[in-house]
Structures are given as C-alpha cells and as structure tokens.
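Read through the structure below, which is laid out as structure tokens, and then see the notes.
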Amino acid sequence: MQEATLRLSPLSHYSFGVKDAQQEQDATVAQKINRLKTEYQEQGQRTTVEAVMLVHDHKHPHVLVLRNQNYFHLPGDQLKPGEDDINGLKAILTRQLGAPGEDLNLDIGQLLGKYYRPHFDTQWFPYLPPHIKKPKEVRQIYLVHLPDRKYLCIPKNLQLVAVPLFDLVENAVTFGPELAHLPQLLSRYHIFYGEDD
C-alpha cells in the first residue's frame with residue numbers, strides 16, 4: 001500500500017488581511033442548541049463541513065484555526081439544505097476567508113473524520129451510537145490543500161491562528177475534543193516541507 005503524503009508550505013508564504021466582521025448567529029451555547037432544535041424541526045438533520053488547512057513553521061505542521069472570544073474552531077459552517085459537501089465547503093471558505101469579491105477556489109481533499117451529535121446537547125461522537133437512527137447533526141472534516149502562496153482575509157471579529165500539532169495533542173480543555181484529535185487523524189500522512197524563500 002502506498003503511503004499517503006502531504007506537502008506543506010511555510011507559514012511565511014501566506015499573507016493575511018482584515019475585512020468586515022461576520023457576526024456569529026449565536027452568542028451562547030444555549031442559543032446554538034435552541035437554533036439547532038428549530039432548524040431540525042423545519043429541515044431535519046444538519047450537516048456541517050469544516051476544513052483542516054495545514055502549513056509548517058520550522059518544519060513542524062500547524063493547523064489554521066479560527067478563534068473568537070470564547071473558543072477555537074476550524075473554518076467551516078453548516079450546509080444549506082441540499083447543498084453538496086465540496087461545493088458547499090468551497091463557498092463557506094470563500095465567505096469566511098476570501099477577500100471581498102474573490103473566489104478562493106481551494107482544493108478540497110480527503111474526508112478526514114466524521115462526528116455525530118445524537119441529541120440536542122454539546123456531546124459529539126466519532127461514530128453513530130447504535131440506538132440512534134438519525135442524529136441531530138453530522139460534522140464532516142475535510143483536508144483542504146492550500147496552494148504554495150495565498151492571501152487570506154479574516155473577519156475583524158475573529159483571529160486566524162496557526163496552532164502547532166504538539167499543542168493540540170490531548171489538549172481538549174483548550175481546543176475541544178475534535179481539534180485535540182486532529183494529530184491522530186493526520187498521523188497516517190508522510191509530510192514533506194517546502195522551503196522558505
């Protein structure tokens with residue numbers, strides 16, 4: 001079997017700007033759960049897609065993560081009803097990280113992991129519990145390949161942080177269980193590191 005490989009460019013190859021704030025729909029976890037209940041009654045199961053975008057700094061992999069006042073999360077959002085994963089994630093990343101008027105058109109790669117929210121609460125499982133026929137939400141995490149150089153534009157109410165994998169390992173308290181599990185999901189890849197200029 002051929003080993004899966006990744007080629008990462010250095011963080012210094014990327015530049016970052018700021019654009020108007022993108023207000024999040026929910027100020028609290030309780031509001032988010034209430035909105036999920038309402039949407040589930042109207043539309044059924046929600047599907048969320050998220051992006052793992054990797055760079056390197058001093059030949060160590062870093063994940064690009066968004067941070068608001070309360071928590072860290074991967075770039076991504078829920079899909080519209082009937083929207084497919086790949087085109088939906090491309091549109092979401094353009095909205096979140098693209099300069100105004102620009103289509104990022106990033107290369108969406110392999111599905112790295114899938115998590116299920118069985119109930120109207122904050123608990124996620126990396127499998128569908130056998131007694132659950134239809135979860136309330138499914139979260140799908142994709143590897144997104146960045147070009148060698150790119151300009152990303154960040155909403156001014158968020159920060160884009162390059163988090164080294166060693167900070168994520170078993171650090172669910174800071175980053176949440178899904179982000180803390182990313183090093184294990186990525187461990188099957190052999191990584192090549194591009195050179196700084």
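FYI, nothing fancy with the structure tokens labels: chains A, B, ... in order, residues from 1 per chain, ligands from 1 as they appear.
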Give me the residues near stretch 42-46 of chain A as a list in words, where near means some atom within 7 Å (using only C-alpha atoms) and where sequence neighbours in that chain fewer than 5 positions away do not count.
Gln78, Pro135, Lys136, Glu137 and Val138 of chain A
Selected residues written out with all heavy atoms, as a PDB file, in the first residue's frame:
```pdb
ATOM      1  N   GLN A  78     -22.383  25.266   8.565  1.00  0.00           N
ATOM      2  CA  GLN A  78     -23.397  24.312   8.141  1.00  0.00           C
ATOM      3  C   GLN A  78     -23.736  24.516   6.668  1.00  0.00           C
ATOM      4  O   GLN A  78     -23.650  25.627   6.135  1.00  0.00           O
ATOM      5  CB  GLN A  78     -24.643  24.445   9.006  1.00  0.00           C
ATOM      6  CG  GLN A  78     -25.448  25.708   8.792  1.00  0.00           C
ATOM      7  CD  GLN A  78     -26.566  25.850   9.797  1.00  0.00           C
ATOM      8  OE1 GLN A  78     -26.319  26.168  10.970  1.00  0.00           O
ATOM      9  NE2 GLN A  78     -27.787  25.626   9.358  1.00  0.00           N
ATOM     10  N   PRO A 135     -29.101  11.208  13.658  1.00  0.00           N
ATOM     11  CA  PRO A 135     -28.526  12.213  14.568  1.00  0.00           C
ATOM     12  C   PRO A 135     -29.082  13.601  14.262  1.00  0.00           C
ATOM     13  O   PRO A 135     -29.635  13.852  13.195  1.00  0.00           O
ATOM     14  CB  PRO A 135     -27.027  12.139  14.249  1.00  0.00           C
ATOM     15  CG  PRO A 135     -26.972  11.650  12.837  1.00  0.00           C
ATOM     16  CD  PRO A 135     -28.141  10.732  12.661  1.00  0.00           C
ATOM     17  N   LYS A 136     -28.914  14.476  15.217  1.00  0.00           N
ATOM     18  CA  LYS A 136     -29.389  15.852  15.026  1.00  0.00           C
ATOM     19  C   LYS A 136     -28.459  16.633  14.100  1.00  0.00           C
ATOM     20  O   LYS A 136     -28.887  17.531  13.390  1.00  0.00           O
ATOM     21  CB  LYS A 136     -29.493  16.574  16.379  1.00  0.00           C
ATOM     22  CG  LYS A 136     -30.348  15.838  17.412  1.00  0.00           C
ATOM     23  CD  LYS A 136     -31.728  15.510  16.877  1.00  0.00           C
ATOM     24  CE  LYS A 136     -32.606  14.843  17.916  1.00  0.00           C
ATOM     25  NZ  LYS A 136     -32.799  13.421  17.696  1.00  0.00           N
ATOM     26  N   GLU A 137     -27.169  16.280  14.131  1.00  0.00           N
ATOM     27  CA  GLU A 137     -26.189  16.974  13.285  1.00  0.00           C
ATOM     28  C   GLU A 137     -25.039  16.039  12.967  1.00  0.00           C
ATOM     29  O   GLU A 137     -24.656  15.204  13.796  1.00  0.00           O
ATOM     30  CB  GLU A 137     -25.670  18.233  13.993  1.00  0.00           C
ATOM     31  CG  GLU A 137     -24.725  19.075  13.176  1.00  0.00           C
ATOM     32  CD  GLU A 137     -24.343  20.391  13.856  1.00  0.00           C
ATOM     33  OE1 GLU A 137     -24.779  20.634  15.001  1.00  0.00           O
ATOM     34  OE2 GLU A 137     -23.608  21.171  13.224  1.00  0.00           O
ATOM     35  N   VAL A 138     -24.494  16.171  11.767  1.00  0.00           N
ATOM     36  CA  VAL A 138     -23.287  15.456  11.361  1.00  0.00           C
ATOM     37  C   VAL A 138     -22.235  16.499  11.004  1.00  0.00           C
ATOM     38  O   VAL A 138     -22.513  17.445  10.267  1.00  0.00           O
ATOM     39  CB  VAL A 138     -23.547  14.539  10.146  1.00  0.00           C
ATOM     40  CG1 VAL A 138     -22.251  13.867   9.694  1.00  0.00           C
ATOM     41  CG2 VAL A 138     -24.597  13.497  10.479  1.00  0.00           C
TER      42      VAL A 138
END
```
Do you have, as a tab-separated table, the list of residues of stretch 51-149 of chain A lying at most 12 Å from stretch 191-194 of chain A, each with its nearest atom pair and that distance in Å to one decimal, counting only C-alpha atoms and ordered by chain then number?
```
residue	atom	partner	partner_atom	distance
A:Leu54	CA	A:Ile191	CA	10.5
A:Val55	CA	A:Tyr193	CA	8.8
A:His56	CA	A:Tyr193	CA	7.0
A:Asp57	CA	A:Tyr193	CA	9.2
A:His58	CA	A:Tyr193	CA	9.0
A:Lys59	CA	A:Tyr193	CA	6.0
A:His60	CA	A:Tyr193	CA	8.4
A:Pro61	CA	A:Ile191	CA	8.4
A:His62	CA	A:Tyr193	CA	11.6
A:Pro147	CA	A:Gly194	CA	11.5
A:Asp148	CA	A:Gly194	CA	8.5
A:Arg149	CA	A:Gly194	CA	11.2
```
Residues near A:Leu66, anyone? I mean within 7 Å using only C-alpha atoms, not counting same-chain ones fewer than 2 positions away, as number ranges by chain.
A: 64, 68, 72-75, 158-161
With C-alpha atoms retained, could you export that selection as a compact mmCIF listing (two decimals), in the first residue's frame?
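This is the output file out-v4.txt:
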```
# COMPACT_ATOMS: atom_id res chain seq x y z
CA LEU A 64 -5.02 27.17 10.70
CA ASN A 68 -13.33 34.14 18.61
CA PHE A 72 -11.18 27.83 18.80
CA HIS A 73 -12.79 26.19 15.78
CA LEU A 74 -11.92 25.03 12.29
CA PRO A 75 -13.04 27.18 9.37
CA LEU A 158 -12.00 36.68 14.54
CA GLN A 159 -8.35 35.68 14.63
CA LEU A 160 -6.72 33.11 12.38
CA VAL A 161 -4.18 31.23 14.49
```
Using only C-alpha atoms, which residues of stretch 92-143 of chain A come within 9 Å of stretch 163-185 of chain A, and what is the closest atom pair for each, with the distance in Å to one decimal? Give it as JSON lines, sorted by chain and residue number.
```
{"residue": "A:Leu112", "atom": "CA", "partner": "A:Leu185", "partner_atom": "CA", "distance": 6.5}
{"residue": "A:Gly113", "atom": "CA", "partner": "A:Leu185", "partner_atom": "CA", "distance": 7.4}
{"residue": "A:Tyr115", "atom": "CA", "partner": "A:Glu178", "partner_atom": "CA", "distance": 8.4}
{"residue": "A:Trp124", "atom": "CA", "partner": "A:Glu178", "partner_atom": "CA", "distance": 8.5}
{"residue": "A:Pro126", "atom": "CA", "partner": "A:Glu178", "partner_atom": "CA", "distance": 8.8}
```
Writing out the chosen residues with C-alpha atoms as a short mmCIF file (atom, residue, chain, number, x, y, z; two decimals), in the first residue's frame:
```
data_model
loop_
_atom_site.label_atom_id
_atom_site.label_comp_id
_atom_site.auth_asym_id
_atom_site.auth_seq_id
_atom_site.Cartn_x
_atom_site.Cartn_y
_atom_site.Cartn_z
CA LEU A 112 -10.56 13.02 7.50
CA GLY A 113 -13.30 12.35 10.00
CA TYR A 115 -18.63 13.24 14.08
CA TRP A 124 -20.22 14.59 19.78
CA PRO A 126 -16.79 9.79 16.26
#
```
Show me, as a Markdown table, the residues of stretch 109-188 of chain A having an atom within 12 Å of stretch 2-9 of chain A, each with the closest atom pair and its distance in Å, using only C-alpha atoms.
```
| residue | atom | partner | partner_atom | distance |
| --- | --- | --- | --- | --- |
| A:Gly109 | CA | A:Leu6 | CA | 10.8 |
| A:Gln110 | CA | A:Ala4 | CA | 10.7 |
| A:Leu143 | CA | A:Leu6 | CA | 10.1 |
| A:Val144 | CA | A:Leu6 | CA | 10.8 |
| A:His145 | CA | A:Leu8 | CA | 8.6 |
| A:Leu146 | CA | A:Leu8 | CA | 8.1 |
| A:Pro147 | CA | A:Ser9 | CA | 8.0 |
| A:Asp148 | CA | A:Ser9 | CA | 5.6 |
| A:Arg149 | CA | A:Ser9 | CA | 7.8 |
| A:Lys150 | CA | A:Ser9 | CA | 10.3 |
| A:Leu186 | CA | A:Leu6 | CA | 9.7 |
| A:Ser187 | CA | A:Ala4 | CA | 10.0 |
| A:Arg188 | CA | A:Ala4 | CA | 6.8 |
```
What are the DSSP strand (DSSP E) residues of stretch 19-170 of chain A, as an NGL selection string?
:A and (19 or 46-57 or 60-67 or 72-73 or 76-78 or 107-117 or 137-145 or 150-155 or 159-164)
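Of note, atom CA of A:Lys32 and atom CA of A:Thr47 are spaced 14.4 Å apart.
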From the set A:Thr48, A:Lys134, A:Asn34, A:Ala99, which residue has the shortest atom-to-atom contact distance to A:Lys114, counting only C-alpha atoms?
A:Thr48
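Here atom CA of A:Asn87 and atom CA of A:Gln140 stand 13.6 Å from one another.
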